[in-house]
Amino acid sequence: MLWSGWGDPAKAADLPEPVRRLLHDMLGVRPPQAPAASFGEVRLPAAALSPLVLTELRGAVGADHVRFDDDARIRHTRGKSTPDLMRMRAGDGSDAPDAVVLPGSHREVLDVLRICAGHRVAVVPFGGGTSVVGGLVASRRGFAGVVALDLARLDRLISVDAESMVAEMEPGLRAPQAEQLLAGYGLTLGHFPQSFEYATLGGFAAARSSGQASAGYGRFDDMVVGMTVATPRGTLDLGRAPRSAAGPDLRQVILGSEGAFGVITSLRLRVRRAPAERVYEGWRFESFAAGSAALRRLAQEGALPTVLRLSDETETMIGLARPGEIGALAADAGCLAVAGYEGAAAEVPVLRERVAAVLSGLGGVYLGPEPGESWARGRYSAPYLRDSLLAAGATVETLETAGFWSALPRLYDAVRLALQASLGSPLVMCHISHVYETGASLYFTVVTAQSADPVAQWEAAKRSANEAIVLAGGTISHHHGVGRDHREAYAAEVGEVGMEILRGVKDRLDPDGILNPGVLITPPAGSV
C-alpha cells in the first residue's frame, strides 16, 4: 500500500491535460504551491516505548515481529481519508505509532493486550489500513506509548463447513486472499467494497462494511455467524447458531466497534456458491427522483440484482460511474443506473427479465451491457483518481449516509446544500449503491479547489455535512464507520443513554482504556 496515497504506486497516474483544464475552468483548481514530501522527508516523533515494554513484547510474539523502524511506523500512520493523505503528503508523521507488533495467534494477541494494559500503552488494531474516518489514530493522552497491532500474520482459512455453508477464517486475510482460498472450494463471500484489494476480513467486521454487491450478498455483518475476540479481560467466543433468542446478540456489540472493545482473532462467515455467470448492464433515467423510485420498487418487490447503483445527474454528467470517461461531460445524460447479476446460469436470465420489466415500466431506458461492464472494470479505481486530483491541487473526498425512502430527498438536499455553503461552489456528486425495502444509502463525492489550508477547509465542510445529516434524520455512516471523524455526530445519533451503554461495555472489556482510545466513544460530559 502506498504510504501517502492509495494502493499500488505503479497504478498512480497524472491527470490528462484536458481534465486539468476542466478543473481549472470549473473550480479554479491550480497546482499545489509545494511538492508532496518524499518518504525520507516524513517527520516522525521519537519512539516513546521503554526498553522494558519492548522486551516483553518481543517475548510475547518473537523479536522479528516487533518493529519500530521508520518504514514500519510510517506505513502504519493513520488511514486513507483525504485529511490523512494530505498530512502525509505534507510530511506530517506526528500520529505514527511507537512500534508495530505482529502477533501470530489468539494467545499472542491476549499476551500483547496484557502487557500493554500493564504498562498503559494504547493499542490500535490494524488490518489493511483503509479507514477513511480517522479510525487508526489513537489518543496518546495518559498513555506511555502507542502500538499498532498488525494482524497480517493471522491469515489462515481455518475450516470450511460445506454442509452449513460456513467458513472460519482469520482476520488478517485480505479480501482477495480470502476469495482465492474459498474459490478452491467453489465458494465466495461475495463481499466486494471499493477497498476490496487491500482491506481485511477483520476490518470489514470491525467497521460493518458493505460491499458493492450488497443487494445480492448482503452486508458483511450479515455474513458473520460467529467470532472469537481477544479483550484485555479475556476471550469472547460468540455465535453458536445462525439465529438465537438467548438474550441480546453479543456479536452485534463487537461488529462496528472498530477495535475499541476487543481484537477479532477469527471469524465464522456465511459463504455462497461461486456464481457461474456474471452480467452487468446500464439503464438511463430522466432524473434522480425517477431512478430512486425504480430502485425502491425493486427493493420492495424483492426483485433485486446482485449489484444495483444509481448516479445522480451530476455524477452521470461527469462520468464518475464510468471511470474511463471522467471529464467527458455527457450533456443531458440523465441518471445512469448499473445493474449486475451473479448466480447460476439458469437463474440470471430469469432475474434480468423480472428487473427489466420493473425498470422499463418506471421510465428506465436500457443502455445495454457496456455501461455496466465499464463500471465493473473500474470499480476499484476511484481512490487512484483521488490521488491524481490531490496532486493536481484539488480537494476531493467522499462521505456517505443512509435514510428511509421517505426521508431520502430531504437528506440528499441537506447534505448538498451544507457542502455548497461551506465550500463555495464545489462539484458535489452522489449515488445510491445499497438499497433495502425501507431505505437506501447516499454516497457523495466532493471536489473543490484546495485552499491555503486544505485540511482545515475539508474539516469545516465535513462538520457542516455531519450536522446536516443529523438534522435531516440520516445515520452518520452507512458503511465507513465512526472513527474519530464521526464520533460527536454518532453520540448525537444514539443519545447520552446510548453513549453510557457503550462506555459501560468499554469499561468492562477494557478497564484500562488501552484499545483504540479516542475512537468511536465520546468522553463523558464534563470530563477532560
# chains A, B, ... in the order shown; residues from 1 in each chain; ligands from 1
call {"tool": "select_by_dssp", "arguments": {"residues": "stretch 372-470 of chain A", "states": "helix (DSSP H, G or I)", "output": "PyMOL selection string"}}
result
chain A and resi 372-377+382-392+405-423+454-470
call {"tool": "residues_around", "arguments": {"residues": "A:Tyr490", "least_positions_apart": "6", "cutoff": "12 Å", "atoms": "only C-alpha atoms", "output": "JSON, numbers by chain"}}
result
{"A": [401, 466, 467, 469, 470, 474, 475, 476, 477, 478, 481, 482, 483, 484, 496, 498, 499, 502, 519, 520, 521, 522]}
call {"tool": "write_last_selection", "arguments": {"atoms": "N, CA, C and O atoms", "output": "mmCIF file, in the first residue's frame"}}
result
data_model
loop_
_atom_site.group_PDB
_atom_site.id
_atom_site.type_symbol
_atom_site.label_atom_id
_atom_site.label_comp_id
_atom_site.auth_asym_id
_atom_site.auth_seq_id
_atom_site.Cartn_x
_atom_site.Cartn_y
_atom_site.Cartn_z
ATOM 1 N N THR A 401 -24.133 8.335 3.891
ATOM 2 C CA THR A 401 -25.175 8.271 4.909
ATOM 3 C C THR A 401 -26.253 7.330 4.391
ATOM 4 O O THR A 401 -26.108 6.732 3.331
ATOM 5 N N ASN A 466 -21.906 16.714 8.510
ATOM 6 C CA ASN A 466 -22.331 15.878 9.631
ATOM 7 C C ASN A 466 -23.558 16.460 10.326
ATOM 8 O O ASN A 466 -24.512 15.739 10.662
ATOM 9 N N GLU A 467 -23.524 17.768 10.564
ATOM 10 C CA GLU A 467 -24.663 18.426 11.217
ATOM 11 C C GLU A 467 -25.918 18.306 10.361
ATOM 12 O O GLU A 467 -27.025 18.072 10.869
ATOM 13 N N ILE A 469 -26.621 15.935 8.205
ATOM 14 C CA ILE A 469 -27.101 14.550 8.246
ATOM 15 C C ILE A 469 -27.909 14.294 9.510
ATOM 16 O O ILE A 469 -29.003 13.709 9.463
ATOM 17 N N VAL A 470 -27.394 14.736 10.647
ATOM 18 C CA VAL A 470 -28.101 14.526 11.918
ATOM 19 C C VAL A 470 -29.445 15.240 11.911
ATOM 20 O O VAL A 470 -30.483 14.661 12.262
ATOM 21 N N GLY A 474 -30.736 11.355 8.990
ATOM 22 C CA GLY A 474 -29.968 10.241 8.449
ATOM 23 C C GLY A 474 -29.020 9.669 9.478
ATOM 24 O O GLY A 474 -28.790 10.255 10.539
ATOM 25 N N THR A 475 -28.448 8.504 9.179
ATOM 26 C CA THR A 475 -27.400 7.961 10.030
ATOM 27 C C THR A 475 -26.066 8.562 9.624
ATOM 28 O O THR A 475 -25.840 8.865 8.441
ATOM 29 N N ILE A 476 -25.180 8.731 10.588
ATOM 30 C CA ILE A 476 -23.915 9.398 10.291
ATOM 31 C C ILE A 476 -23.008 8.545 9.416
ATOM 32 O O ILE A 476 -22.096 9.049 8.759
ATOM 33 N N SER A 477 -23.254 7.247 9.364
ATOM 34 C CA SER A 477 -22.472 6.404 8.455
ATOM 35 C C SER A 477 -23.257 5.157 8.095
ATOM 36 O O SER A 477 -23.809 4.489 8.976
ATOM 37 N N HIS A 478 -23.255 4.831 6.819
ATOM 38 C CA HIS A 478 -23.854 3.581 6.365
ATOM 39 C C HIS A 478 -22.832 2.448 6.335
ATOM 40 O O HIS A 478 -23.154 1.310 6.649
ATOM 41 N N GLY A 481 -18.077 3.758 8.891
ATOM 42 C CA GLY A 481 -17.808 3.635 10.315
ATOM 43 C C GLY A 481 -17.792 4.981 11.014
ATOM 44 O O GLY A 481 -18.146 6.025 10.452
ATOM 45 N N VAL A 482 -17.375 4.966 12.269
ATOM 46 C CA VAL A 482 -17.414 6.160 13.129
ATOM 47 C C VAL A 482 -16.032 6.777 13.271
ATOM 48 O O VAL A 482 -15.832 7.955 12.990
ATOM 49 N N GLY A 483 -15.051 5.989 13.726
ATOM 50 C CA GLY A 483 -13.705 6.519 13.915
ATOM 51 C C GLY A 483 -13.688 7.719 14.834
ATOM 52 O O GLY A 483 -14.405 7.787 15.836
ATOM 53 N N ARG A 484 -12.862 8.701 14.484
ATOM 54 C CA ARG A 484 -12.854 9.976 15.200
ATOM 55 C C ARG A 484 -13.701 11.019 14.479
ATOM 56 O O ARG A 484 -14.297 11.881 15.111
ATOM 57 N N GLU A 496 -27.364 10.351 24.878
ATOM 58 C CA GLU A 496 -26.494 10.180 26.035
ATOM 59 C C GLU A 496 -26.666 8.815 26.692
ATOM 60 O O GLU A 496 -25.698 8.200 27.146
ATOM 61 N N GLY A 498 -27.452 6.044 25.184
ATOM 62 C CA GLY A 498 -26.730 5.121 24.320
ATOM 63 C C GLY A 498 -25.236 5.188 24.548
ATOM 64 O O GLY A 498 -24.548 4.156 24.592
ATOM 65 N N MET A 499 -24.712 6.403 24.701
ATOM 66 C CA MET A 499 -23.286 6.548 24.968
ATOM 67 C C MET A 499 -22.902 5.923 26.302
ATOM 68 O O MET A 499 -21.843 5.308 26.441
ATOM 69 N N LEU A 502 -22.434 2.241 25.835
ATOM 70 C CA LEU A 502 -21.168 1.924 25.167
ATOM 71 C C LEU A 502 -19.984 2.125 26.118
ATOM 72 O O LEU A 502 -19.039 1.326 26.119
ATOM 73 N N VAL A 519 -11.406 6.686 19.683
ATOM 74 C CA VAL A 519 -12.205 6.243 18.546
ATOM 75 C C VAL A 519 -13.559 5.757 19.031
ATOM 76 O O VAL A 519 -13.660 5.119 20.087
ATOM 77 N N LEU A 520 -14.607 6.075 18.302
ATOM 78 C CA LEU A 520 -15.975 5.593 18.494
ATOM 79 C C LEU A 520 -16.732 6.263 19.629
ATOM 80 O O LEU A 520 -17.869 6.695 19.450
ATOM 81 N N ILE A 521 -16.117 6.371 20.806
ATOM 82 C CA ILE A 521 -16.851 6.769 22.007
ATOM 83 C C ILE A 521 -16.413 8.154 22.467
ATOM 84 O O ILE A 521 -15.216 8.415 22.662
ATOM 85 N N THR A 522 -17.379 9.051 22.667
ATOM 86 C CA THR A 522 -17.079 10.369 23.227
ATOM 87 C C THR A 522 -16.846 10.240 24.719
ATOM 88 O O THR A 522 -17.440 9.387 25.386
#
call {"tool": "residues_around", "arguments": {"residues": "stretch 309-311 of chain A", "least_positions_apart": "2", "cutoff": "9 Å", "atoms": "only C-alpha atoms", "output": "list in words"}}
result
Gln212, Phe288, Gly291, Ser292, Leu295, Val307, Glu313, Thr314, Glu315, Thr316, Leu320, Ala321, Cys335, Leu336, Ala337, Val338, Ala339, Met429, Cys430, His431, Ile432, Ser433, His434 and Val435 of chain A
call {"tool": "closest_residue", "arguments": {"among": "A:Glu400, A:Gly203, A:Arg297, A:Tyr380", "to": "A:Ala357", "atoms": "only C-alpha atoms"}}
result
A:Arg297
call {"tool": "closest_residue", "arguments": {"among": "A:Glu342, A:Glu493, A:Asp84, A:Asp155", "to": "A:Glu170", "atoms": "only C-alpha atoms"}}
result
A:Asp155
call {"tool": "closest_residue", "arguments": {"among": "A:Gly340, A:Gly239, A:Ala206, A:His191", "to": "A:Gly218", "atoms": "only C-alpha atoms"}}
result
A:His191
